[in-house]
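Okay, my_file_15.txt now, which holds compact mmCIF, C-alpha atoms:
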# COMPACT_ATOMS: atom_id res chain seq x y z
CA MET A 9 0.00 0.00 0.00
CA VAL A 10 2.96 2.32 0.62
CA LYS A 11 3.87 2.14 -3.09
CA LEU A 12 0.40 3.16 -4.29
CA PRO A 13 -0.19 6.82 -5.13
CA GLU A 14 -2.23 8.68 -2.52
CA ASP A 15 -5.04 9.53 -4.94
CA MET A 16 -5.40 5.85 -5.85
CA ILE A 17 -5.63 4.90 -2.17
CA ILE A 18 -8.39 7.48 -1.69
CA GLU A 19 -10.27 6.09 -4.71
CA ILE A 20 -10.12 2.59 -3.24
CA LEU A 21 -11.24 3.76 0.18
CA SER A 22 -14.16 5.73 -1.29
CA ILE A 23 -15.90 2.59 -2.57
CA LEU A 24 -15.63 0.63 0.68
CA PRO A 25 -18.53 0.05 3.12
CA VAL A 26 -18.82 2.34 6.14
CA LYS A 27 -18.13 -0.53 8.55
CA SER A 28 -14.74 -1.13 6.91
CA LEU A 29 -13.86 2.57 6.82
CA ILE A 30 -14.55 2.94 10.55
CA ARG A 31 -12.10 0.12 11.22
CA PHE A 32 -9.49 1.50 8.78
CA ARG A 33 -9.37 4.83 10.60
CA CYS A 34 -7.05 3.02 13.02
CA VAL A 35 -4.50 2.12 10.31
CA CYS A 36 -2.68 5.44 10.38
CA LYS A 37 -3.18 9.11 11.22
CA SER A 38 -3.53 10.20 7.59
CA TRP A 39 -6.35 7.69 6.97
CA TYR A 40 -8.06 8.82 10.18
CA VAL A 41 -8.01 12.45 9.03
CA GLU A 42 -8.99 11.64 5.43
CA VAL A 43 -11.98 9.42 6.23
CA GLN A 44 -13.48 12.16 8.46
CA SER A 45 -12.90 15.02 6.02
CA ARG A 46 -15.86 16.70 4.29
CA SER A 47 -14.33 16.12 0.86
CA PHE A 48 -13.99 12.37 1.43
CA ILE A 49 -17.48 12.04 2.95
CA SER A 50 -18.90 13.79 -0.13
CA LYS A 51 -16.88 11.60 -2.48
CA HIS A 52 -18.00 8.44 -0.68
CA LEU A 53 -21.65 9.52 -0.94
CA LYS A 54 -21.44 10.11 -4.70
CA ASN A 55 -20.45 6.55 -5.63
CA ASP A 56 -23.13 3.90 -5.96
CA HIS A 57 -21.15 0.95 -4.55
CA ASN A 58 -22.84 1.12 -1.15
CA ILE A 59 -26.49 1.69 -2.05
CA HIS A 60 -29.17 -0.65 -0.71
CA LEU A 61 -32.84 -1.11 -1.53
CA VAL A 62 -35.53 -1.00 1.19
CA ILE A 63 -39.16 -1.92 0.32
CA PRO A 64 -42.03 -0.88 2.65
CA HIS A 65 -45.01 -3.21 2.13
CA THR A 66 -48.12 -4.32 3.96
CA LYS A 67 -48.55 -7.86 5.19
CA GLU A 68 -51.01 -10.32 3.70
CA GLU A 69 -54.72 -9.50 3.70
CA LYS A 70 -55.44 -11.55 6.81
CA ASP A 71 -52.89 -9.45 8.71
CA LEU A 72 -53.93 -6.01 7.43
CA PHE A 73 -55.50 -5.06 10.75
CA ALA A 74 -52.61 -6.38 12.82
CA TYR A 75 -50.25 -3.84 14.39
CA PRO A 76 -47.91 -2.93 12.93
CA ASN A 77 -49.09 -4.00 9.50
CA LEU A 78 -46.23 -2.37 7.60
CA SER A 79 -43.04 -4.33 7.02
CA TYR A 80 -39.70 -3.06 5.74
CA THR A 81 -37.67 -5.53 3.71
CA TRP A 82 -34.16 -4.61 2.72
CA PHE A 83 -31.47 -6.07 0.49
CA PRO A 84 -28.03 -6.05 2.16
CA ASP A 85 -26.80 -7.66 -1.07
CA LYS A 86 -26.32 -4.83 -3.58
CA THR A 87 -27.06 -7.23 -6.45
CA LEU A 88 -30.66 -7.46 -5.12
CA GLY A 89 -30.37 -11.20 -4.56
CA GLU A 90 -33.54 -12.40 -2.82
CA LEU A 91 -31.62 -14.86 -0.65
CA SER A 92 -30.26 -11.94 1.36
CA LEU A 93 -33.61 -10.37 2.30
CA GLN A 94 -33.74 -9.05 5.87
CA ASN A 95 -36.04 -7.02 8.11
CA PHE A 96 -34.94 -3.38 8.08
CA LEU A 97 -36.51 -2.31 11.40
CA PRO A 98 -33.93 -4.02 13.67
CA GLN A 99 -31.38 -1.61 12.18
CA ILE A 100 -33.16 1.23 14.02
CA PRO A 101 -32.41 1.50 17.79
CA ILE A 102 -35.60 3.32 18.88
CA GLY A 103 -39.32 3.19 18.04
CA GLY A 104 -41.48 5.74 16.22
CA PHE A 105 -42.12 6.39 12.56
CA PHE A 106 -39.28 7.58 10.39
CA ARG A 107 -38.60 9.54 7.21
CA GLY A 108 -35.67 9.10 4.87
CA PRO A 109 -33.02 7.83 4.58
CA PHE A 110 -31.29 11.06 3.51
CA ASP A 111 -27.57 10.50 2.81
CA GLY A 112 -27.80 7.47 5.09
CA ILE A 113 -29.56 9.45 7.84
CA LEU A 114 -33.01 8.63 9.24
CA CYS A 115 -35.28 11.20 10.89
CA ILE A 116 -37.14 9.34 13.65
CA ILE A 117 -40.23 11.05 15.05
CA GLU A 118 -41.86 9.91 18.29
CA LYS A 119 -42.04 11.94 21.52
CA ASP A 120 -38.71 13.42 20.49
CA ILE A 121 -37.14 13.92 17.09
CA SER A 122 -33.89 12.07 16.51
CA LEU A 123 -31.35 11.71 13.71
CA TYR A 124 -29.74 8.31 13.22
CA ASN A 125 -26.87 7.28 10.95
CA ILE A 126 -27.49 3.61 10.16
CA GLY A 127 -23.90 2.96 9.07
CA THR A 128 -21.99 4.59 11.93
CA LYS A 129 -24.73 3.84 14.55
CA GLU A 130 -24.68 7.45 15.72
CA LEU A 131 -27.91 8.70 17.30
CA ARG A 132 -28.67 12.33 18.10
CA THR A 133 -31.80 13.51 19.92
CA LEU A 134 -32.73 17.03 18.84
CA PRO A 135 -33.97 19.89 21.07
CA LYS A 136 -37.70 19.78 21.76
CA ILE A 137 -40.09 21.90 19.72
CA LEU A 138 -43.86 22.37 19.82
CA HIS A 139 -44.27 21.87 16.07
CA TYR A 140 -42.78 18.63 14.85
CA LYS A 141 -45.40 16.57 13.02
CA GLY A 142 -43.78 16.98 9.62
CA ASP A 143 -46.00 15.88 6.72
CA TRP A 144 -42.89 16.51 4.62
CA VAL A 145 -39.36 15.95 5.85
CA GLY A 146 -36.09 16.89 4.16
CA PHE A 147 -32.44 16.66 5.15
CA GLY A 148 -29.40 17.93 3.27
CA LEU A 149 -26.20 19.92 3.25
CA ASP A 150 -26.49 23.70 3.12
CA PRO A 151 -23.64 24.76 0.78
CA VAL A 152 -23.64 28.30 2.21
CA SER A 153 -23.10 27.49 5.90
CA ASN A 154 -21.56 24.05 5.18
CA SER A 155 -23.93 22.55 7.76
CA TYR A 156 -26.58 19.87 7.49
CA LYS A 157 -30.18 20.99 7.99
CA LEU A 158 -33.42 19.14 8.75
CA ILE A 159 -36.68 20.59 7.37
CA LEU A 160 -40.17 19.76 8.65
CA VAL A 161 -43.17 21.02 6.68
CA ASP A 162 -46.84 20.70 7.63
CA THR A 163 -48.95 20.87 4.48
CA PRO A 164 -52.07 23.08 4.68
CA TYR A 165 -54.76 20.59 3.72
CA LEU A 166 -54.36 18.77 7.05
CA LYS A 167 -54.66 21.91 9.13
CA THR A 168 -57.86 23.63 10.30
CA ARG A 169 -58.33 26.61 12.53
CA GLU A 170 -61.80 27.24 13.98
CA GLY A 171 -63.37 25.28 11.13
CA SER A 172 -61.59 27.12 8.31
CA GLU A 173 -58.48 26.11 6.40
CA CYS A 174 -55.22 27.55 7.58
CA ARG A 175 -53.74 29.65 4.75
CA VAL A 176 -50.07 29.57 5.73
CA SER A 177 -48.36 26.42 6.94
CA PRO A 178 -45.36 26.57 9.28
CA ILE A 179 -41.95 25.28 8.26
CA VAL A 180 -39.27 24.56 10.84
CA VAL A 181 -35.57 24.16 10.12
CA TYR A 182 -33.01 22.50 12.38
CA THR A 183 -29.31 23.35 11.85
CA LEU A 184 -26.86 20.69 12.96
CA ASN A 185 -23.91 23.01 13.67
CA SER A 186 -25.89 25.34 15.96
CA ASP A 187 -28.16 22.60 17.39
CA SER A 188 -31.15 24.92 17.07
CA TRP A 189 -34.55 25.33 15.34
CA ARG A 190 -35.91 28.24 13.33
CA ASN A 191 -39.54 28.92 12.40
CA ILE A 192 -40.04 29.85 8.75
CA GLU A 193 -43.15 31.50 7.29
CA ASP A 194 -43.41 30.84 3.55
CA SER A 195 -46.48 32.04 1.67
CA ASN A 196 -45.82 29.66 -1.25
CA ILE A 197 -46.81 26.66 0.87
CA SER A 198 -50.35 28.06 1.15
CA TYR A 199 -50.89 27.24 -2.54
CA ILE A 200 -49.86 23.60 -2.10
CA TYR A 201 -52.04 20.56 -1.52
CA ASP A 202 -50.22 17.38 -0.50
CA TYR A 203 -51.67 14.13 -1.84
CA PHE A 204 -48.69 12.06 -3.04
CA THR A 205 -48.32 9.00 -0.84
CA GLY A 206 -44.66 8.06 -0.60
CA ALA A 207 -43.47 11.61 -1.35
CA GLU A 208 -43.19 12.63 2.32
CA SER A 209 -39.39 12.32 2.29
CA GLY A 210 -37.94 15.06 0.13
CA THR A 211 -35.36 14.66 -2.63
CA CYS A 212 -32.29 16.79 -1.86
CA LEU A 213 -29.88 17.94 -4.58
CA ASN A 214 -27.21 20.66 -4.47
CA GLY A 215 -28.60 22.34 -1.38
CA VAL A 216 -32.28 22.25 -2.39
CA CYS A 217 -34.98 19.88 -1.07
CA TYR A 218 -37.86 19.00 -3.42
CA TRP A 219 -41.31 17.50 -2.79
CA LEU A 220 -43.87 16.34 -5.36
CA SER A 221 -47.26 17.93 -4.73
CA SER A 222 -50.06 19.82 -6.51
CA TYR A 223 -51.76 23.21 -6.55
CA ARG A 224 -54.69 23.51 -4.14
CA ASP A 225 -57.09 25.03 -6.68
CA THR A 226 -56.32 23.28 -10.00
CA LYS A 227 -54.77 20.08 -8.50
CA GLU A 228 -52.09 20.46 -11.17
CA ALA A 229 -48.93 18.53 -10.25
CA VAL A 230 -46.00 20.72 -9.20
CA ILE A 231 -42.71 20.43 -7.33
CA PHE A 232 -42.19 22.43 -4.14
CA PRO A 233 -38.51 23.44 -3.65
CA PHE A 234 -36.89 24.63 -0.45
CA HIS A 235 -33.42 26.19 -0.62
CA LEU A 236 -31.32 25.35 2.40
CA GLY A 237 -29.00 28.35 1.98
CA ASP A 238 -31.50 31.20 2.35
CA GLU A 239 -34.28 28.97 3.78
CA MET A 240 -36.82 30.02 1.14
CA SER A 241 -38.94 28.18 -1.42
CA ARG A 242 -38.54 30.85 -4.13
CA GLU A 243 -40.51 29.65 -7.19
CA ILE A 244 -42.74 26.56 -7.39
CA ILE A 245 -41.66 24.28 -10.26
CA LYS A 246 -44.19 23.12 -12.86
CA VAL A 247 -43.92 19.61 -14.31
CA PRO A 248 -44.00 18.91 -18.08
CA MET A 249 -47.17 16.78 -18.14
CA GLN A 250 -50.87 17.41 -17.60
CA GLU A 251 -51.60 14.25 -15.63
CA LYS A 252 -51.05 14.33 -11.88
CA TYR A 253 -50.94 10.56 -11.36
CA GLY A 254 -48.22 8.05 -12.16
CA LEU A 255 -45.34 10.35 -11.15
CA SER A 256 -42.14 9.65 -9.24
CA LEU A 257 -39.50 12.27 -8.37
CA GLY A 258 -35.80 11.44 -8.04
CA ILE A 259 -32.25 12.09 -9.18
CA TYR A 260 -30.74 10.86 -12.47
CA ASN A 261 -27.18 11.77 -13.49
CA GLU A 262 -27.01 14.41 -10.73
CA SER A 263 -30.12 16.16 -12.10
CA LEU A 264 -33.68 16.48 -10.80
CA SER A 265 -35.74 13.91 -12.72
CA LEU A 266 -39.27 12.57 -13.10
CA LEU A 267 -40.71 9.22 -14.11
CA HIS A 268 -44.18 9.45 -15.65
CA MET A 269 -46.43 6.46 -16.35
CA HIS A 270 -48.95 6.67 -19.22
CA TYR A 271 -51.73 4.30 -18.18
CA VAL A 272 -53.37 4.20 -21.64
CA THR A 273 -50.27 3.55 -23.75
CA LYS A 274 -48.43 1.67 -20.94
CA CYS A 275 -45.29 3.70 -21.60
CA VAL A 276 -42.96 5.35 -19.08
CA ASP A 277 -41.27 8.69 -19.80
CA MET A 278 -38.10 9.87 -18.07
CA TRP A 279 -37.80 13.64 -17.80
CA VAL A 280 -34.62 15.44 -16.69
CA MET A 281 -34.28 19.09 -15.65
CA ASN A 282 -31.28 20.94 -17.04
CA GLN A 283 -30.76 24.68 -16.45
CA GLY A 284 -34.37 25.12 -15.40
CA CYS A 285 -35.89 23.33 -18.41
CA TRP A 286 -37.40 19.84 -18.66
CA THR A 287 -36.06 17.47 -21.35
CA LYS A 288 -37.51 14.07 -22.15
CA GLN A 289 -34.57 11.70 -21.75
CA LEU A 290 -36.27 8.54 -23.00
CA THR A 291 -39.57 6.69 -23.39
CA VAL A 292 -39.88 3.03 -22.40
CA GLY A 293 -42.67 0.79 -23.64
CA PRO A 294 -45.32 -0.18 -24.30
CA LEU A 295 -44.66 -2.54 -21.40
CA VAL A 296 -46.35 -5.62 -22.81
CA GLY A 297 -47.05 -8.38 -20.31
CA LEU A 298 -46.77 -6.11 -17.26
CA ASP A 299 -49.79 -4.76 -15.39
CA VAL A 300 -47.91 -1.69 -14.16
CA CYS A 301 -49.45 0.37 -11.36
CA HIS A 302 -46.98 3.26 -11.14
CA PRO A 303 -43.23 4.08 -11.17
CA LEU A 304 -41.45 3.74 -7.84
CA GLY A 305 -38.11 5.46 -8.31
CA PHE A 306 -34.59 5.47 -9.74
CA TRP A 307 -31.85 2.91 -9.12
CA LYS A 308 -28.34 2.78 -10.61
CA ARG A 309 -27.01 3.74 -14.05
CA GLY A 310 -30.36 4.87 -15.42
CA SER A 311 -32.38 1.85 -14.30
CA PHE A 312 -35.62 2.37 -12.36
CA PHE A 313 -38.31 0.50 -10.44
CA LEU A 314 -41.96 -0.05 -11.32
CA ASN A 315 -44.85 -1.37 -9.26
CA ALA A 316 -46.89 -4.07 -11.04
CA VAL A 317 -49.71 -6.45 -10.16
CA ASN A 318 -48.49 -9.99 -9.52
CA PRO A 319 -49.57 -12.03 -12.59
CA ASP A 320 -49.60 -15.28 -10.59
CA LYS A 321 -53.20 -15.71 -9.48
CA LYS A 322 -54.92 -18.59 -7.74
CA GLY A 323 -58.55 -18.98 -8.74
CA GLY A 324 -58.57 -15.42 -10.09
CA CYS A 325 -57.68 -14.00 -6.64
CA TYR A 326 -55.41 -11.02 -6.08
CA MET A 327 -51.94 -12.30 -5.19
CA GLY A 328 -50.16 -9.07 -4.34
CA GLU A 329 -47.77 -6.78 -6.17
CA GLN A 330 -44.29 -6.97 -7.64
CA VAL A 331 -41.35 -4.60 -7.70
CA ILE A 332 -39.96 -4.61 -11.24
CA LEU A 333 -36.45 -3.38 -12.08
CA TYR A 334 -36.24 -1.97 -15.61
CA ASP A 335 -32.80 -1.45 -17.12
CA PRO A 336 -32.90 0.40 -20.48
CA SER A 337 -29.23 -0.42 -21.13
CA SER A 338 -29.65 -4.18 -20.67
CA THR A 339 -28.52 -6.33 -23.62
CA HIS A 340 -30.94 -9.12 -22.71
CA ASN A 341 -34.12 -9.70 -24.69
CA THR A 342 -36.15 -8.80 -21.60
CA LYS A 343 -34.99 -5.56 -19.99
CA TYR A 344 -36.97 -6.02 -16.80
CA SER A 345 -36.89 -8.45 -13.90
CA CYS A 346 -38.92 -8.98 -10.73
CA VAL A 347 -36.88 -8.34 -7.57
CA PHE A 348 -39.63 -8.59 -4.94
CA THR A 349 -43.22 -9.79 -4.43
CA GLY A 350 -45.40 -8.59 -1.54
CA TYR A 351 -49.07 -8.13 -0.71
CA MET A 352 -49.14 -4.34 -1.20
CA VAL A 353 -45.97 -2.37 -2.01
CA MET A 354 -46.17 1.21 -0.72
CA ASN A 355 -43.04 2.88 -2.14
CA LEU A 356 -39.27 2.44 -2.19
CA LEU A 357 -36.49 3.67 0.07
CA ILE A 358 -32.92 3.94 -1.18
CA TYR A 359 -30.42 3.58 1.65
CA LYS A 360 -26.95 4.91 0.88
CA GLU A 361 -24.24 4.12 3.43
CA SER A 362 -22.86 7.36 4.82
CA LEU A 363 -20.07 8.76 6.98
CA VAL A 364 -22.01 11.98 7.68
CA ASN A 365 -21.32 13.02 11.25
CA ILE A 366 -24.50 13.91 13.16
CA LYS A 367 -22.74 14.59 16.46
CA GLY A 368 -22.49 18.25 15.53
CA ASP A 369 -18.70 18.50 15.67
CA ASP A 370 -17.11 20.79 13.13
CA HIS A 371 -14.98 17.93 11.82

Using structure tokens, write down the structure that the file contains.
Amino acid sequence: MVKLPEDMIIEILSILPVKSLIRFRCVCKSWYVEVQSRSFISKHLKNDHNIHLVIPHTKEEKDLFAYPNLSYTWFPDKTLGELSLQNFLPQIPIGGFFRGPFDGILCIIEKDISLYNIGTKELRTLPKILHYKGDWVGFGLDPVSNSYKLILVDTPYLKTREGSECRVSPIVVYTLNSDSWRNIEDSNISYIYDYFTGAESGTCLNGVCYWLSSYRDTKEAVIFPFHLGDEMSREIIKVPMQEKYGLSLGIYNESLSLLHMHYVTKCVDMWVMNQGCWTKQLTVGPLVGLDVCHPLGFWKRGSFFLNAVNPDKKGGCYMGEQVILYDPSSTHNTKYSCVFTGYMVMNLLIYKESLVNIKGDDH
């Protein structure tokens, strides 16, 4: 290892799992400093070697009224081999419902709000606040202050005040470096109506958190942005299609992207935003032989997941749903494969192993 160039050593380290990197901090002082540096943590986050799939799904019909009826199945094997399926919940040290993961960090909401790094096992309980329900939750790095921030948004349609709708919804922002909350009043949120199940956890890119929603009056699908630097939403983003169903928001090639399912033609469009304009990247389909419900999200190298009805039926009975991985670049005759079958698949969570320090130390 002494003979290898330093930049090559860093490249090798950047693709290793978090568990290995924590151990390798003890090898020498330079590795200890490098692994904890902001530049290395960012580099490690950008590679896709340590990304895992988590699938929230309900149990079988007979167990729908059992508590809890939502299971979380995750794939420790990055090849999505079914033999490695495990229960995700034992990875979380405390109870309560959670949002995320964001850069490997979960936001756990119960009596208190906590941040938890699954890879490093670090847990931080945040200062108490009166407002912490959080219909939407976002977490990301503010490039201005170089600090991570947690955003909780309560969407207006859930709020009433003396029988009338509340026109302005509160937003609260927690800053990791200062260990403090700020109340934000943003008039743009008063135009928003939240109805997208599975869109509660925001997509964060380059210091901006995004949530898929719709206008309150027209129900037209839009994207609500929140800039972590100046803690403002600025301008609501319109989407390039008229339909408000069959949408999934994510990141493709470091750009904000949308998957849109056409239920009549059974085609899926991928739209990418570049310099404020939407461009249709590709169209997939018609998806013959698949009873697709809706797109679920992006995976690696341009591949994405779809939710489809399980074609295996006994006596014409409903036998659950499938998670389908579609790879446009595949050289096989069939570009899609089933990676999971469950009774009712809710959405997808992408867990990326992370070295992000939530202890609040400057380093």

Any idea what the distance is between CA of Tyr156 (chain A) and CA of Cys212 (chain A)?
->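 According to the coordinates, CA of Tyr156 (chain A) and CA of Cys212 (chain A) are separated by 11.4 Å.
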
Closest of A:Val230, A:Ile121, A:Val62, A:Ile192 to Lys246 (chain A) - atom-to-atom distances counting all atoms listed in the file =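 Of the candidates, the smallest distance to Lys246 (chain A) is held by A:Val230.
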
Kindly provide, as number ranges by chain, the polymer residues lying within 10 Å of (-34.5, -2.7, 10.6), counting only C-alpha atoms and using the coordinates exactly as they appear in the file.
-> A: 62, 79-82, 94-101, 126

Which residue, A:Glu239, A:Leu114, A:Asn125, A:Lys11, has the smallest gap to Ile159 (chain A) when you use only C-alpha atoms?
->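 Residue with the minimum atom-to-atom distance to Ile159 (chain A): A:Glu239.
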
Point out the residue among A:Pro25, A:Pro64, A:Gly148, A:Gly297 with the least atom-to-atom distance to Val331 (chain A), counting all atoms listed in the file.
->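 Under the stated criterion, the closest residue is A:Pro64.
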
Find the residues near Ser38 (chain A): any atom within 12 Å, counting only C-alpha atoms, skip ones fewer than 6 places away on the same chain, and give them as a list in words.
->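 Once the adjacent positions are removed, what remains is Glu14, Ile17, Ile18, Phe32, Gln44 and Ser45 of chain A.
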
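Across the structure, CA of His270 (chain A) and CA of Gln250 (chain A) are spaced 11.0 Å apart.
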
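Among the candidates A:Asn365, A:Asp299, A:Tyr344, A:Phe313, the residue lying nearest to Gly328 (chain A) is A:Asp299 (atoms considered: only C-alpha atoms).
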
Could you pull out every residue with an atom within 12 Å of (-42.4, 32.8, 16.3), file coordinates, counting only C-alpha atoms, and send them as a list in words?
->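 Here the neighbourhood of the point contains Ile137, Leu138, His139, Pro178, Ile179, Val180, Trp189, Arg190, Asn191, Ile192 and Glu193 of chain A.
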
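Interatomic distance, CA of His52 (chain A) against CA of Gly112 (chain A): 11.4 Å.
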
Option closest in space to Asp85 (chain A), from A:Leu333, A:His65, A:Pro294, A:Ile59 [counting all atoms listed in the file] | A:Ile59
